[in-house]
Structures are given as structure tokens and as C-alpha cells.
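Visitor: data-v8.pdb is reproduced in full below (PDB, C-alpha atoms).
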ATOM      1  CA  MET A  94     -54.950  -3.896  32.023
ATOM      2  CA  VAL A  95     -54.380  -5.792  28.777
ATOM      3  CA  PRO A  96     -54.289  -9.591  29.306
ATOM      4  CA  GLU A  97     -50.977 -11.302  28.458
ATOM      5  CA  SER A  98     -52.710 -13.627  26.045
ATOM      6  CA  TYR A  99     -53.267 -10.622  23.766
ATOM      7  CA  TYR A 100     -49.546  -9.903  23.752
ATOM      8  CA  VAL A 101     -48.742 -13.552  23.080
ATOM      9  CA  ALA A 102     -51.281 -13.585  20.234
ATOM     10  CA  LEU A 103     -49.683 -10.451  18.753
ATOM     11  CA  SER A 104     -46.284 -12.089  19.121
ATOM     12  CA  ALA A 105     -47.482 -15.256  17.355
ATOM     13  CA  VAL A 106     -48.961 -13.249  14.472
ATOM     14  CA  LEU A 107     -45.769 -11.201  14.085
ATOM     15  CA  PHE A 108     -43.592 -14.310  14.216
ATOM     16  CA  SER A 109     -45.773 -16.023  11.588
ATOM     17  CA  MET A 110     -45.505 -13.020   9.304
ATOM     18  CA  GLY A 111     -41.735 -13.108   9.734
ATOM     19  CA  VAL A 112     -41.670 -16.803   8.796
ATOM     20  CA  LEU A 113     -43.820 -16.007   5.767
ATOM     21  CA  GLY A 114     -41.386 -13.267   4.723
ATOM     22  CA  VAL A 115     -38.383 -15.571   5.070
ATOM     23  CA  LEU A 116     -40.034 -18.320   3.021
ATOM     24  CA  VAL A 117     -41.672 -16.204   0.309
ATOM     25  CA  ARG A 118     -39.258 -13.373  -0.461
ATOM     26  CA  ARG A 119     -36.100 -13.743  -2.574
ATOM     27  CA  ASN A 120     -34.236 -10.596  -1.621
ATOM     28  CA  PRO A 121     -31.773 -11.397   1.226
ATOM     29  CA  LEU A 122     -32.195  -7.920   2.722
ATOM     30  CA  VAL A 123     -35.940  -8.428   3.089
ATOM     31  CA  ILE A 124     -35.295 -11.911   4.482
ATOM     32  CA  PHE A 125     -33.003 -10.352   7.089
ATOM     33  CA  MET A 126     -35.651  -7.797   7.974
ATOM     34  CA  SER A 127     -38.179 -10.614   8.379
ATOM     35  CA  ILE A 128     -35.768 -12.412  10.729
ATOM     36  CA  GLU A 129     -35.457  -9.186  12.683
ATOM     37  CA  MET A 130     -39.242  -9.091  12.953
ATOM     38  CA  MET A 131     -39.281 -12.673  14.265
ATOM     39  CA  LEU A 132     -36.714 -11.798  16.939
ATOM     40  CA  ASN A 133     -38.802  -8.830  18.008
ATOM     41  CA  ALA A 134     -41.917 -11.000  18.133
ATOM     42  CA  ALA A 135     -40.014 -13.259  20.547
ATOM     43  CA  ASN A 136     -39.171 -10.159  22.597
ATOM     44  CA  VAL A 137     -42.856  -9.306  22.929
ATOM     45  CA  ALA A 138     -43.592 -12.816  24.200
ATOM     46  CA  LEU A 139     -40.671 -12.656  26.651
ATOM     47  CA  VAL A 140     -41.875  -9.375  28.131
ATOM     48  CA  ALA A 141     -45.461 -10.616  28.319
ATOM     49  CA  PHE A 142     -44.496 -13.823  30.135
ATOM     50  CA  GLY A 143     -42.130 -11.872  32.389
ATOM     51  CA  GLN A 144     -45.084  -9.738  33.394
ATOM     52  CA  ARG A 145     -47.260 -12.761  33.959
ATOM     53  CA  TYR A 146     -44.776 -14.522  36.210
ATOM     54  CA  ASN A 147     -43.898 -11.332  38.044
ATOM     55  CA  THR A 148     -40.213 -11.276  37.162
ATOM     56  CA  ALA A 149     -37.802  -8.985  35.345
ATOM     57  CA  GLU A 150     -35.941 -11.909  33.766
ATOM     58  CA  GLY A 151     -37.968 -11.603  30.573
ATOM     59  CA  GLN A 152     -36.621  -8.088  30.136
ATOM     60  CA  VAL A 153     -33.047  -9.303  30.735
ATOM     61  CA  LEU A 154     -33.535 -11.874  27.990
ATOM     62  CA  VAL A 155     -34.820  -9.104  25.714
ATOM     63  CA  PHE A 156     -31.461  -7.376  26.214
ATOM     64  CA  PHE A 157     -29.614 -10.506  25.131
ATOM     65  CA  VAL A 158     -31.879 -10.992  22.122
ATOM     66  CA  MET A 159     -31.253  -7.391  21.020
ATOM     67  CA  CYS A 160     -27.470  -7.852  21.330
ATOM     68  CA  VAL A 161     -27.527 -11.080  19.351
ATOM     69  CA  ALA A 162     -29.792  -9.442  16.735
ATOM     70  CA  ALA A 163     -27.357  -6.542  16.352
ATOM     71  CA  ALA A 164     -24.415  -8.931  15.883
ATOM     72  CA  GLU A 165     -26.397 -11.080  13.449
ATOM     73  CA  VAL A 166     -27.464  -8.107  11.344
ATOM     74  CA  ALA A 167     -23.935  -6.646  11.225
ATOM     75  CA  VAL A 168     -22.314  -9.902  10.128
ATOM     76  CA  GLY A 169     -25.155 -10.831   7.790
ATOM     77  CA  LEU A 170     -25.134  -7.495   5.998
ATOM     78  CA  ALA A 171     -21.330  -7.680   5.640
ATOM     79  CA  ILE A 172     -21.708 -11.108   4.022
ATOM     80  CA  ILE A 173     -24.406  -9.756   1.702
ATOM     81  CA  VAL A 174     -22.157  -6.858   0.655
ATOM     82  CA  VAL A 175     -19.298  -9.286  -0.110
ATOM     83  CA  ILE A 176     -21.634 -11.511  -2.147
ATOM     84  CA  PHE A 177     -22.885  -8.475  -4.056
ATOM     85  CA  ARG A 178     -19.298  -7.431  -4.808
ATOM     86  CA  LEU A 179     -18.545 -10.887  -6.190
ATOM     87  CA  ARG A 180     -21.726 -11.616  -8.142
ATOM     88  CA  ARG A 181     -23.444  -8.254  -8.746
ATOM     89  CA  ARG A 182     -26.786  -9.867  -7.880
ATOM     90  CA  LEU A 183     -28.497 -10.618  -4.614
ATOM     91  CA  SER A 184     -31.063 -13.336  -5.289
ATOM     92  CA  VAL A 185     -30.896 -16.071  -2.664
ATOM     93  CA  ASP A 186     -31.879 -18.674  -5.269
ATOM     94  CA  GLU A 187     -28.482 -18.212  -6.912
ATOM     95  CA  LEU A 188     -26.576 -18.582  -3.658
ATOM     96  CA  SER A 189     -26.641 -22.341  -3.237
ATOM     97  CA  LEU A 190     -22.860 -22.599  -2.807
ATOM     98  CA  MET A 191     -21.030 -21.371   0.272
ATOM     99  CA  ARG A 192     -17.714 -21.384  -1.585
ATOM    100  CA  TRP A 193     -16.843 -20.951  -5.261
TER     101      TRP A 193
ATOM    102  CA  MET B  48     -58.483   2.769  27.531
ATOM    103  CA  GLN B  49     -55.343   0.600  27.637
ATOM    104  CA  LEU B  50     -57.059  -2.089  25.614
ATOM    105  CA  GLY B  51     -58.084   0.420  22.947
ATOM    106  CA  ALA B  52     -54.537   1.755  22.705
ATOM    107  CA  PHE B  53     -53.216  -1.784  22.488
ATOM    108  CA  VAL B  54     -55.624  -2.661  19.670
ATOM    109  CA  ILE B  55     -54.657   0.449  17.675
ATOM    110  CA  LEU B  56     -50.935  -0.206  18.133
ATOM    111  CA  ALA B  57     -51.349  -3.908  17.350
ATOM    112  CA  VAL B  58     -53.113  -3.017  14.088
ATOM    113  CA  LEU B  59     -50.241  -0.670  13.220
ATOM    114  CA  VAL B  60     -47.637  -3.332  14.083
ATOM    115  CA  VAL B  61     -49.324  -6.050  12.032
ATOM    116  CA  GLY B  62     -49.996  -3.636   9.164
ATOM    117  CA  SER B  63     -46.363  -2.544   9.019
ATOM    118  CA  ALA B  64     -45.276  -6.193   9.125
ATOM    119  CA  ALA B  65     -47.588  -6.895   6.179
ATOM    120  CA  GLY B  66     -46.097  -3.910   4.360
ATOM    121  CA  LEU B  67     -42.605  -5.265   4.947
ATOM    122  CA  ILE B  68     -43.529  -8.588   3.386
ATOM    123  CA  LEU B  69     -45.665  -7.306   0.532
ATOM    124  CA  LYS B  70     -43.681  -4.314  -0.740
ATOM    125  CA  ARG B  71     -41.232  -5.252  -3.480
ATOM    126  CA  ASN B  72     -38.942  -2.282  -2.940
ATOM    127  CA  PRO B  73     -36.610  -3.069   0.013
ATOM    128  CA  ILE B  74     -36.365   0.581   1.057
ATOM    129  CA  HIS B  75     -40.146   0.594   1.604
ATOM    130  CA  GLY B  76     -39.680  -2.620   3.573
ATOM    131  CA  ALA B  77     -36.996  -0.978   5.733
ATOM    132  CA  LEU B  78     -39.300   1.961   6.469
ATOM    133  CA  PHE B  79     -42.097  -0.423   7.414
ATOM    134  CA  LEU B  80     -39.620  -2.230   9.691
ATOM    135  CA  VAL B  81     -38.807   1.062  11.435
ATOM    136  CA  LEU B  82     -42.528   1.684  11.951
ATOM    137  CA  ASN B  83     -42.955  -1.892  13.155
ATOM    138  CA  LEU B  84     -40.170  -1.609  15.749
ATOM    139  CA  ARG B  85     -41.456   1.754  16.964
ATOM    140  CA  GLU B  86     -45.084   0.732  17.407
ATOM    141  CA  ARG B  87     -44.152  -2.657  18.870
ATOM    142  CA  ARG B  88     -42.148  -0.848  21.540
ATOM    143  CA  ARG B  89     -45.171   1.301  22.384
ATOM    144  CA  ALA B  90     -47.471  -1.712  22.532
ATOM    145  CA  LEU B  91     -45.389  -3.477  25.196
ATOM    146  CA  PRO B  92     -46.820  -3.897  28.704
ATOM    147  CA  HIS B  93     -46.395  -1.009  31.103
ATOM    148  CA  ALA B  94     -44.393  -3.187  33.478
ATOM    149  CA  ALA B  95     -41.736  -3.493  30.775
ATOM    150  CA  ARG B  96     -41.404   0.235  30.450
ATOM    151  CA  GLY B  97     -37.957   0.150  32.009
ATOM    152  CA  VAL B  98     -35.977  -1.842  29.487
ATOM    153  CA  PRO B  99     -37.693  -2.275  26.150
ATOM    154  CA  ARG B 100     -38.717   1.373  26.130
ATOM    155  CA  ASP B 101     -35.436   2.761  27.383
ATOM    156  CA  ARG B 102     -32.948   4.778  25.390
ATOM    157  CA  PRO B 103     -30.179   2.123  24.959
ATOM    158  CA  GLY B 104     -32.670  -0.366  23.551
ATOM    159  CA  HIS B 105     -34.100   2.342  21.341
ATOM    160  CA  ARG B 106     -30.605   3.085  20.023
ATOM    161  CA  VAL B 107     -29.926  -0.585  19.254
ATOM    162  CA  ARG B 108     -33.125  -0.843  17.214
ATOM    163  CA  GLY B 109     -32.400   2.454  15.491
ATOM    164  CA  ALA B 110     -28.889   1.283  14.669
ATOM    165  CA  ILE B 111     -30.246  -1.928  13.159
ATOM    166  CA  ALA B 112     -32.693   0.035  11.001
ATOM    167  CA  VAL B 113     -29.925   2.417   9.889
ATOM    168  CA  LEU B 114     -27.718  -0.563   8.997
ATOM    169  CA  PHE B 115     -30.451  -1.904   6.743
ATOM    170  CA  VAL B 116     -30.926   1.447   5.041
ATOM    171  CA  PHE B 117     -27.152   1.799   4.514
ATOM    172  CA  ALA B 118     -26.952  -1.679   3.000
ATOM    173  CA  ILE B 119     -29.868  -0.919   0.695
ATOM    174  CA  MET B 120     -28.267   2.347  -0.405
ATOM    175  CA  VAL B 121     -24.913   0.646  -1.081
ATOM    176  CA  LEU B 122     -26.337  -2.305  -2.966
ATOM    177  CA  ILE B 123     -29.289  -0.618  -4.716
ATOM    178  CA  PRO B 124     -31.215  -3.877  -4.957
ATOM    179  CA  GLY B 125     -34.601  -4.317  -6.574
ATOM    180  CA  LYS B 126     -34.072  -6.573  -9.572
ATOM    181  CA  GLU B 127     -33.878  -9.776  -7.542
ATOM    182  CA  GLU B 128     -37.584 -10.456  -7.567
ATOM    183  CA  THR B 129     -38.544  -9.302 -11.037
ATOM    184  CA  GLY B 130     -37.353 -12.315 -13.065
ATOM    185  CA  PRO B 131     -38.973 -15.741 -13.347
ATOM    186  CA  ASP B 132     -39.256 -17.589 -10.070
ATOM    187  CA  PRO B 133     -38.035 -21.214 -10.329
ATOM    188  CA  LEU B 134     -39.399 -22.057  -6.875
ATOM    189  CA  ARG B 135     -42.830 -20.461  -7.217
ATOM    190  CA  GLY B 136     -44.678 -23.656  -6.341
ATOM    191  CA  GLN B 137     -42.586 -24.229  -3.262
ATOM    192  CA  ARG B 138     -43.136 -20.685  -2.054
ATOM    193  CA  TRP B 139     -46.899 -21.211  -1.890
ATOM    194  CA  LEU B 140     -46.217 -24.044   0.566
ATOM    195  CA  ALA B 141     -45.191 -21.349   3.052
ATOM    196  CA  VAL B 142     -48.853 -20.335   3.478
ATOM    197  CA  PRO B 143     -50.092 -23.682   4.905
ATOM    198  CA  VAL B 144     -46.931 -23.975   7.017
ATOM    199  CA  VAL B 145     -47.626 -20.593   8.592
ATOM    200  CA  GLY B 146     -51.309 -21.552   8.950
ATOM    201  CA  VAL B 147     -50.340 -24.657  10.932
ATOM    202  CA  PHE B 148     -48.053 -22.535  13.111
ATOM    203  CA  LEU B 149     -50.865 -20.080  13.819
ATOM    204  CA  LEU B 150     -53.190 -22.983  14.660
ATOM    205  CA  LEU B 151     -50.654 -24.324  17.155
ATOM    206  CA  SER B 152     -50.299 -20.840  18.627
ATOM    207  CA  ALA B 153     -54.076 -20.614  19.034
ATOM    208  CA  LEU B 154     -54.039 -23.952  20.889
ATOM    209  CA  ILE B 155     -51.334 -22.633  23.217
ATOM    210  CA  LEU B 156     -53.363 -19.490  23.849
ATOM    211  CA  ARG B 157     -56.325 -21.634  24.884
ATOM    212  CA  SER B 158     -54.181 -23.823  27.137
ATOM    213  CA  ALA B 159     -53.886 -23.547  30.908
ATOM    214  CA  ALA B 160     -50.548 -21.729  30.714
ATOM    215  CA  LEU B 161     -52.245 -18.423  30.036
ATOM    216  CA  LYS B 162     -55.299 -18.915  32.227
ATOM    217  CA  GLY B 163     -55.685 -18.070  35.864
ATOM    218  CA  PRO B 164     -55.032 -14.817  37.680
ATOM    219  CA  GLY B 165     -53.738 -11.862  35.744
ATOM    220  CA  PRO B 166     -50.469 -10.036  36.229
ATOM    221  CA  ALA B 167     -49.351  -8.724  39.572
ATOM    222  CA  ALA B 168     -49.963  -5.064  40.320
ATOM    223  CA  HIS B 169     -46.272  -4.282  40.824
ATOM    224  CA  VAL B 170     -44.218  -6.252  38.368
ATOM    225  CA  PRO B 171     -40.473  -5.700  38.813
ATOM    226  CA  GLY B 172     -38.999  -3.859  35.932
ATOM    227  CA  GLY B 173     -36.958  -0.858  34.995
ATOM    228  CA  ILE B 174     -33.271  -0.251  34.718
ATOM    229  CA  GLU B 175     -32.499  -0.989  38.362
ATOM    230  CA  ALA B 176     -34.089  -4.450  38.504
ATOM    231  CA  VAL B 177     -32.690  -5.443  35.121
ATOM    232  CA  GLY B 178     -29.204  -4.119  35.932
ATOM    233  CA  ARG B 179     -29.211  -6.019  39.220
ATOM    234  CA  LEU B 180     -30.100  -9.252  37.430
ATOM    235  CA  LEU B 181     -27.572  -8.626  34.653
ATOM    236  CA  PHE B 182     -24.689  -8.253  37.073
ATOM    237  CA  THR B 183     -25.663 -11.073  39.436
ATOM    238  CA  ASP B 184     -27.605 -14.044  38.037
ATOM    239  CA  TYR B 185     -26.889 -13.306  34.379
ATOM    240  CA  LEU B 186     -23.268 -12.205  34.631
ATOM    241  CA  PHE B 187     -21.894 -15.173  32.693
ATOM    242  CA  PRO B 188     -24.335 -14.795  29.730
ATOM    243  CA  PHE B 189     -23.590 -11.076  29.815
ATOM    244  CA  GLU B 190     -19.855 -11.738  29.381
ATOM    245  CA  ILE B 191     -20.516 -14.333  26.682
ATOM    246  CA  THR B 192     -22.611 -11.741  24.836
ATOM    247  CA  SER B 193     -19.733  -9.273  24.991
ATOM    248  CA  PHE B 194     -17.463 -11.891  23.392
ATOM    249  CA  LEU B 195     -20.118 -12.518  20.742
ATOM    250  CA  LEU B 196     -20.270  -8.817  19.892
ATOM    251  CA  LEU B 197     -16.473  -8.652  19.771
ATOM    252  CA  ALA B 198     -16.376 -11.646  17.404
ATOM    253  CA  ALA B 199     -19.034  -9.960  15.245
ATOM    254  CA  ILE B 200     -16.959  -6.759  15.042
ATOM    255  CA  VAL B 201     -13.836  -8.704  14.029
ATOM    256  CA  GLY B 202     -15.844 -10.701  11.487
ATOM    257  CA  VAL B 203     -17.379  -7.611   9.919
ATOM    258  CA  LEU B 204     -13.994  -5.881   9.656
ATOM    259  CA  THR B 205     -12.448  -8.978   8.064
ATOM    260  CA  LEU B 206     -15.265  -9.224   5.540
ATOM    261  CA  ALA B 207     -15.179  -5.498   4.754
ATOM    262  CA  LYS B 208     -11.430  -5.506   4.100
ATOM    263  CA  ARG B 209     -11.589  -8.572   1.869
ATOM    264  CA  LYS B 210     -10.739  -7.941  -1.783
ATOM    265  CA  ALA B 211     -13.458  -8.947  -4.225
TER     266      ALA B 211
END
Please render this file's structure as C-alpha cells.
Guide:
Amino acid sequence: MVPESYYVALSAVLFSMGVLGVLVRRNPLVIFMSIEMMLNAANVALVAFGQRYNTAEGQVLVFFVMCVAAAEVAVGLAIIVVIFRLRRRLSVDELSLMRW
Amino acid sequence: MQLGAFVILAVLVVGSAAGLILKRNPIHGALFLVLNLRERRRALPHAARGVPRDRPGHRVRGAIAVLFVFAIMVLIPGKEETGPDPLRGQRWLAVPVVGVFLLLSALILRSAALKGPGPAAHVPGGIEAVGRLLFTDYLFPFEITSFLLLAAIVGVLTLAKRKA
């Protein structure tokens, strides 16, 4: 059986790569995908700790995380489409104002 | 055997995550994300086979990936990262920040929280155990989540109908 620490290590690496993507990339779509990766890294840790503590609650939390991720992606992509309609560009560096 | 499979899948997961970050074309990034989600699901512990590997969860992840691909097709991005970068110096700061985070994670991995006896032989899992928890102990968060999804649907429709 694979020790849980391996899963937690994988989760930490994935989460770090997601943080790196959010901080380094300028395209909001890629930033969103990196956030999605961070949420999934958290899911791996939840399942691993659920297994360690002999409970199914980690898997229940994974359900909630997936629902919140779906809502976040839907709303976020709608906002990105509206911004693209208004400005014809998508660089996050040019989006310092929430209202114009 | 399990450890070998885990190592192979972990390499695939981390490699696809690196591809997502490094590829400039967002459609390549979306494809790497699909690979990442798929292999991550396979790499999960066997005890979690019930929920994270089930069909509804699979559909949610597939829907998210399809949403990204649709958005990329509609927007046809790609020029955002070709011009001069005014924050280039600041972006390099992300590397030490992530390094510190990884260091802290390594300290946690060496801590007592993950030492001691391994997992139980029969960890509860699967649709039945999760469904029982969802409709008993987690009923209130479950209802709150349904409201959240409803609010997201209304928000998306409002944004989509808005005139530019």
C-alpha cells in the first residue's frame, strides 16, 4: 500500500505548481486552469487524510470542492468573456480596474 | 506493484502540470489539464475509489475541461504573453515563494502528523458511505452548495446576456 505521505507530497508539489502558474502567467485562462489544479491538489490531500484517519469525510469534502470549482469556473469564464468583449484583449496586467 | 503504479502516475501528473504552466498556447494548457485531472484521479488511494473515481465526479471534471476549451475557442487568445512584460522582475519572485512553500510542506511531511501506523485495511468509502454522510451530517453544507450553484447559474446568465 502506498503511504499517505506520498500522496500529501504529490499534493504539495501540484499545489506549488498551481501557485507558480497563477503568479507567473499573464493569460487569465491559464491562471484559471492553475487555480483548478490547486483545487485538485487539495482534493488529493483530503482523500489521503481521509484514508489515514479511516473516514469517508474527506471524500465528502472532495464533492464540495468539485461543486465550488465548477461554480467558480463558470462564473470566472463568463467574466473573462465579458472583459474580452469590452477590451478585445485578455492580459491580466491591463485589468487593474473592476469598473470603467 | 501499487507503489510503482503510483510513481508512474505521479510523474504523469506532475509532468502535465508542468506542461500546463510552461506551454504558451492555452489550448495546449487545457489539454495538459485534462491529462492532469485524468491521471490524478487514477493516482488516488484505492479506498477513495467510490467518490473521486465515480462517474458524477468524472463528469464534473470533464465539464470543467470542456468549459475551458469552449472559452479558448470563443476568445482565441494567445497574444497576451507575447508583448513586453512590465512585471517581469516581480514574476521571478514567484520562484522563491513557491520554494518556501515546498520547504514548509517538507517540514509537515516530516512531522508527527504523518507518522505512526498506516491506513486501516477497510477504509469507509464508496457511494453509500458518502451519500449517507451527505444526507445526515453534511446536509446543511449540501444545501448551501446547491444555493451556491444556483447563484452561479444566475450570475453566468446575467453576464452572458449583458450588452457589451
Visitor: Please evaluate the PyMOL selection byres ((chain A and resi 124-130) around 7) against the displayed coordinates and give the resulting residues as a list in words.
Guide: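 Those residues are Leu107, Phe108, Gly111, Gly114, Val115, Arg118, Asn120, Pro121, Leu122, Val123, Met131, Leu132, Asn133, Ala134 and Ala162 of chain A.
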Visitor: For chain A, which of B:Ile55, B:Ile68, B:Leu151, B:Arg88 is the closest residue, counting only C-alpha atoms?
Guide: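 Ranked by minimum distance to chain A, first place goes to B:Ile68.
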Visitor: Tell me which of B:Ala207, B:Ile191, B:Val145, B:Leu84 sits closest to A:Phe157, counting all atoms listed in the file.
Guide: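 Looking at the shortest contact to A:Phe157, the residue is B:Ile191.
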Visitor: Could you list, as number ranges by chain, every residue within 10 Å of A:Glu97, counting only C-alpha atoms and ignoring same-chain residues fewer than 3 positions away?
Guide: A: 94, 100-103, 138, 140-145; B: 92, 156, 161-162, 165-166
Visitor: Point out the residue among B:Ser193, B:Leu50, B:Val58, B:Ser158 with the least atom-to-atom distance to chain A, counting only C-alpha atoms.
Guide: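 Ranking B:Ser193, B:Leu50, B:Val58, B:Ser158 by distance to chain A, first place goes to B:Leu50.
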Visitor: Taking the file as shown, find all residues satisfying the PyMOL selection byres ((chain B and resi 82) around 12) and write them as a ChimeraX atom specification.
Guide: /A:130 /B:56-67,75-81,83-89,108-109,112
Visitor: Quick one: pull the distance between atom CA of B:Val116 and atom CA of A:Val137, Å, one decimal.
Guide: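 Separation between atom CA of B:Val116 and atom CA of A:Val137: 24.0 Å.
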Visitor: If I take atom CA of B:Leu196 and atom CA of B:Arg209, how far is one from the other in Å, to one decimal?
Guide: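 Those two atoms sit 20.0 Å apart.
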Visitor: Find the residue from B:Gly202, B:Gly146, B:Pro131, B:Pro73 that sits nearest to A:Val166; use all atoms listed in the file when measuring.
Guide: B:Gly202
Visitor: Using the chain letters and numbers from this file, what does the PyMOL selection byres ((chain A and resi 168-182) around 6) select? Give the answer as a PyMOL selection string.
Guide: (chain A and resi 165-167+183) or (chain B and resi 203+211)
Visitor: Quick one: 4 Å padding each side, axis-aligned, all listed atoms of stretch 131-150 of chain B - centre and edge lengths in Å to one decimal, as JSON?
Guide:
{"center_x": -45.6, "center_y": -20.2, "center_z": 0.7, "size_x": 23.2, "size_y": 16.9, "size_z": 36.0}
Visitor: Could you jot down the atom CA of B:Ala110 to atom CA of A:Thr148 separation for me, Å, one decimal place?
Guide: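 If I compute the distance from atom CA of B:Ala110 to atom CA of A:Thr148, I get 28.1 Å.
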Visitor: Could you check which of B:Ala90, B:Ala199, B:Val144, B:Ala52 is closest to chain A, using all atoms listed in the file?
Guide: B:Ala199
Visitor: With all atoms listed in the file as the atoms that count, which of A:Val117, A:Val95, A:Ala149, A:Val112 lies nearest to B:Arg179?
Guide: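 Among the listed residues, the smallest separation from B:Arg179 belongs to A:Ala149.
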